[in-house]
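So the structure is just underneath, and the comments pick up after that.
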Amino acid sequence: MLETLHRIVQAVNAAPDLDTALNLIVKQVKQAINTDVCSVYLTDFEQRSHVLQATEGLREEAVGKVSLPLHRGLIGLVCERAEPLNLDDAPSHPRYHFVNETGETSYHGFLGVPIIQNRRVLGVLVVRHREPRQYEDTEVTFLFTLAAQLAGAITHAKASGELNGAGETGAQAPTRFLQGRPGATGVAMGKVVVIYSRADLDAVPDRVTDNPEEDVALFRGAVDRVESNLRDLQSKLSDDLPAEDRALFDALLLMLGGDTLVTETIERIRQGEWVQTALHHTIESHARVFDEMDDVYLRERASDIRDLGRRILTYLQSETPQEEVYPDNTILVGEDVSAVDMAEVPSDKIAGIISASGSSSSHVAILARGMGIPAVMGVTDLPVGRMEGREVILDGYRGRVYVSPAPSVRTEYERLAQEEKRLSEELEALRGEDSETTDGVAVSLFLNTGLVSEMSSFSADESGGVGLYRTELPFMVRDSFPTEEEQKNNYANVLATFHPRPVTLRTLDIGGDKPLPYFPVDESNPFLGWRGIRISLDHPEIFLTQIRAMIRAAEGYRNLQIMLPMISTVTEVDELMSLIHRAHDELLDEDYSVTMPPVGIMVEVPAAVYQIEALARRVDFISVGTNDLTQYLLAVDRNNPRVAELYDDLHPAVLKALMQVVEGAKAYNQPVSVCGEMAGNPMAAVLLLGMGVESLSMSSGSLLKVKWVIRSFSRSRASQLLKAVLRMENSEQVRSYMENALDEMGLGGLVRPGK
Ligand code: PEP
Ligand code: MG
């Protein structure tokens, strides 16, 4: 059963559209449990009905026509209860509803299981039997398990199919959108460029060729190289391998030499497909034929074909190093867009980002906010391979993506873009104004940077300095560790730009979702693993080089502060402090005229909250990294779209932890700042002000918005709001209370467009 299940799910995942996927399901399920009928009903939420979407056994003409009101019949019952229903004689059940058009008169056995995604019943998978039949427990669990795995594939196939149907003008794609999570606010319209990982056939996007004959020649060259490579391997292994194992090479060579793979790919190229796209489609269509075979041995041939495809692709990709062309208003789309992918696009070309994975606290989203580029994250149904070249609108406020949008959607978003423009003009007026509450409390606003390679002069002028410089990016975009000299030059550049204002350089915080290509860390739980300061302590040579570079960079500027991420024990601080002192002393010995900079820690791990006094005693300042603190307090991976709904920095537990940090640090006269994304959220900033935090560090796109709220509220009003909020038990209450408070001041537009 497990194998059948696996095979069905795999085939459905590869289906190009919903109809193909559903037809595959009904056919294979009917066969697998040897019954008379298998059908799928999908819920049409707008029409409040269940529509027969595919069947094997009932009348085919009824597909798409038969529709049952939401609560009618046994299908309605399965949906209402969201549980399987197993009846040996369906017609005698009080909820049985007879449907004439399907020709289901004579069926007695009934088993219906709900197809559920994100708590929502999307439809019902039903099997029927002519004779009375109580389906066995193993059959129920088979269908149940299958339905649970199918929900995602069904929504994915639906999205792909809708894209196929949508013309360039979008006339047939009325107002549908794909739902993700807001990554960076704003609205963007533009053309998709798909980024994809290499040597992965499934990741190859659908592109058209500019020059078919050149592509054909490339393809033939790659096939020749694979062929000779296989022959070499075969002869090299001929002494060591038994004949039956060598037969694999014969089989692969036969497939290559046989006409169909090659001619079909060439035909596709001549019909306009790009060489890699054509290869992907040919390999998939051949492999799928084998996927569906019952014989295990023959089914294995599917993976041989895919292996062959991957080999050809590798040669193709090495022959055609991809010089990406980015059109104006590029919308970067990918399964997992990274900060580095984004940094590769010229900043005057990029208009938006859509990532199938990740969430608002992924580093790419943080970078997007820093650069004022709208982003939607965690669009799990995104048919990435089919997006190339599409016109899209992305709504970074609500996390929506419209592909080939209808004119009415376009008009609505053009209006919204106008409103955004008006808001940013209003914000412009705040430039150069003090960041001070109505009762005279000065709140310092600092900049988070470092993911952005260049510093715009606007942010440099507008901020009180840098509250968080993430040193990772310069490490990420290279193929080996930067030298002390290179790092020194980089840091000196930042220190000079902001001089005499303070610049807080954070030591290397790799691991988690920030791997270095040349320092692989392969862990099953990277966020709970070897990350940040833990790596620094295990590799003092990396840490010392960085600290030396930082201290040397400050020679002549003296505006450096050093910040240590991911602290979870006091011992870590003690050890790191002694390394920093060592680097400083070494530099003095080497005749550099350097000074010991202030050193602070980030509170990002719950353990640090509970030991705040002991930590505060040891350092010069405290900065709360609410992105990680939220992740670790709520046990929610900040990059996982499945649980993104639970990731919320307005959760009462996060607010209480922050209160504890502020109180604890106060006892040691230690200033507390907040440098997580929370600091840049206008409503959260009011609460932080209420707590007594007087230093906030944020992405440059948030600076003026936060300045606006600071200038609109008094500290005492903020304290009152905080007091009320601390009595609340969930973040929804907190959010709506704070939205009201902002609305009352006419500031609703800062958190929601059109307000
Ligand atoms: C944080 O965790 O809040 C933080 C500022 O650090 P990063 O987002 O780089 O992990
Ligand atoms: Mg962090």
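Within each chain, counting starts at residue 1; across the structure tokens, chains are named A, B, ... in the order shown, with ligands numbered 1 upward in that order.
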
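For ligand 2, the protein and nucleic acid residues at most 9 Å away, judged by only C-alpha atoms and all ligand atoms, amount to Asp509, Gly532, Pro565, Met566, Met602, Val603, Glu604, Val624, Gly625, Thr626, Asn627, Asp628, Leu629 and Gly676 of chain A.
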
Can you pull out the residues contacting segment 378-388 of chain A? Cut-off 7 Å, using only C-alpha atoms, and skip same-chain residues under 4 positions away; I want them as a compact mmCIF listing (two decimals) with C-alpha atoms, in the first residue's frame.
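Ended up saving to out.txt:
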# COMPACT_ATOMS: atom_id res chain seq x y z
CA THR A 155 -3.83 23.29 -4.84
CA HIS A 156 -0.51 23.34 -6.62
CA ALA A 159 -2.54 27.04 -9.55
CA SER A 160 -0.44 25.64 -12.43
CA LEU A 178 -2.02 33.06 -4.77
CA GLN A 179 -1.77 33.56 -1.05
CA GLY A 180 1.52 33.94 0.78
CA ARG A 181 2.73 35.95 3.76
CA VAL A 192 8.90 37.55 -13.55
CA VAL A 193 12.47 36.29 -13.67
CA VAL A 194 12.73 32.82 -12.12
CA ALA A 203 13.64 23.51 -11.16
CA VAL A 204 14.18 24.47 -14.81
CA PRO A 205 11.69 27.20 -15.66
CA ASP A 206 9.57 27.30 -18.82
CA ARG A 207 11.44 29.64 -21.13
CA VAL A 333 10.59 34.47 -8.20
CA GLY A 334 11.99 31.25 -6.76
CA GLU A 335 11.39 28.25 -4.56
CA SER A 355 9.40 33.20 -2.68
CA ALA A 356 7.63 29.88 -2.33
CA SER A 357 9.31 29.32 1.01
CA GLY A 358 10.40 31.58 3.85
CA SER A 359 8.51 34.12 5.89
CA PRO A 641 5.57 29.09 5.89

Q) Among segment 444-549 of chain A, which residues carry a DSSP assignment of strand (DSSP E), reported as a list in words? A)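 Matching residues for strand (DSSP E) in segment 444-549 of chain A are Ser444, Leu445, Phe446, Leu447, Asn448, Thr449, Val466, Gly467, Leu468, Tyr469, Arg470, Val503, Thr504, Leu505 and Arg506 of chain A.
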
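Relative to atom CA of Ala151 of chain A, atom CA of His108 of chain A is found at 26.8 Å.
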
Q) Looking at only C-alpha atoms and all ligand atoms, which of A:Glu575, A:Glu523, A:Glu472, A:Asp439 is the one that sits closest to ligand 1? A) A:Glu472

(Q) Applying 9 Å and only C-alpha atoms, which residues near Leu495 of chain A remain after dropping the ones on its own chain fewer than 4 positions away? List them as a PyMOL selection string. (A) chain A and resi 490-491+499-503+553-554+557-560

Q. Could you work out how far atom CA of Arg415 of chain A lies from atom CA of Ala188 of chain A, giving the answer in Å with one decimal?
A. 12.1 Å

Q. Do you have the atom CA of His97 of chain A-atom CA of Leu68 of chain A distance handy?
A. 9.4 Å

Q. Closest to ligand 1 among A:Leu298, A:Ser361, A:Leu423, A:Ser444, using only C-alpha atoms and all ligand atoms?
A. A:Ser361

Q. A:Met678, A:Val443, A:Leu634, A:Ala644: which is nearest Glu694 of chain A, counting only C-alpha atoms?
A. A:Val443

Q.
Under the rule that only C-alpha atoms and all ligand atoms are counted, which of A:Thr277, A:Thr449, A:Gln660, A:Ser197 is the nearest residue to ligand 1?
A. A:Thr449

Q: Just the helix (DSSP H, G or I) stuff from segment 498-667 of chain A, please, per backbone DSSP, written as JSON, numbers by chain.
A: {"A": [498, 526, 527, 528, 533, 534, 535, 536, 537, 538, 540, 541, 542, 543, 544, 545, 546, 547, 548, 549, 550, 551, 552, 553, 570, 571, 572, 573, 574, 575, 576, 577, 578, 579, 580, 581, 582, 583, 584, 585, 586, 587, 588, 589, 606, 607, 608, 609, 610, 612, 613, 614, 615, 616, 626, 627, 628, 629, 630, 631, 632, 633, 634, 641, 642, 643, 644, 645, 646, 652, 653, 654, 655, 656, 657, 658, 659, 660, 661, 662, 663, 664, 665, 666]}
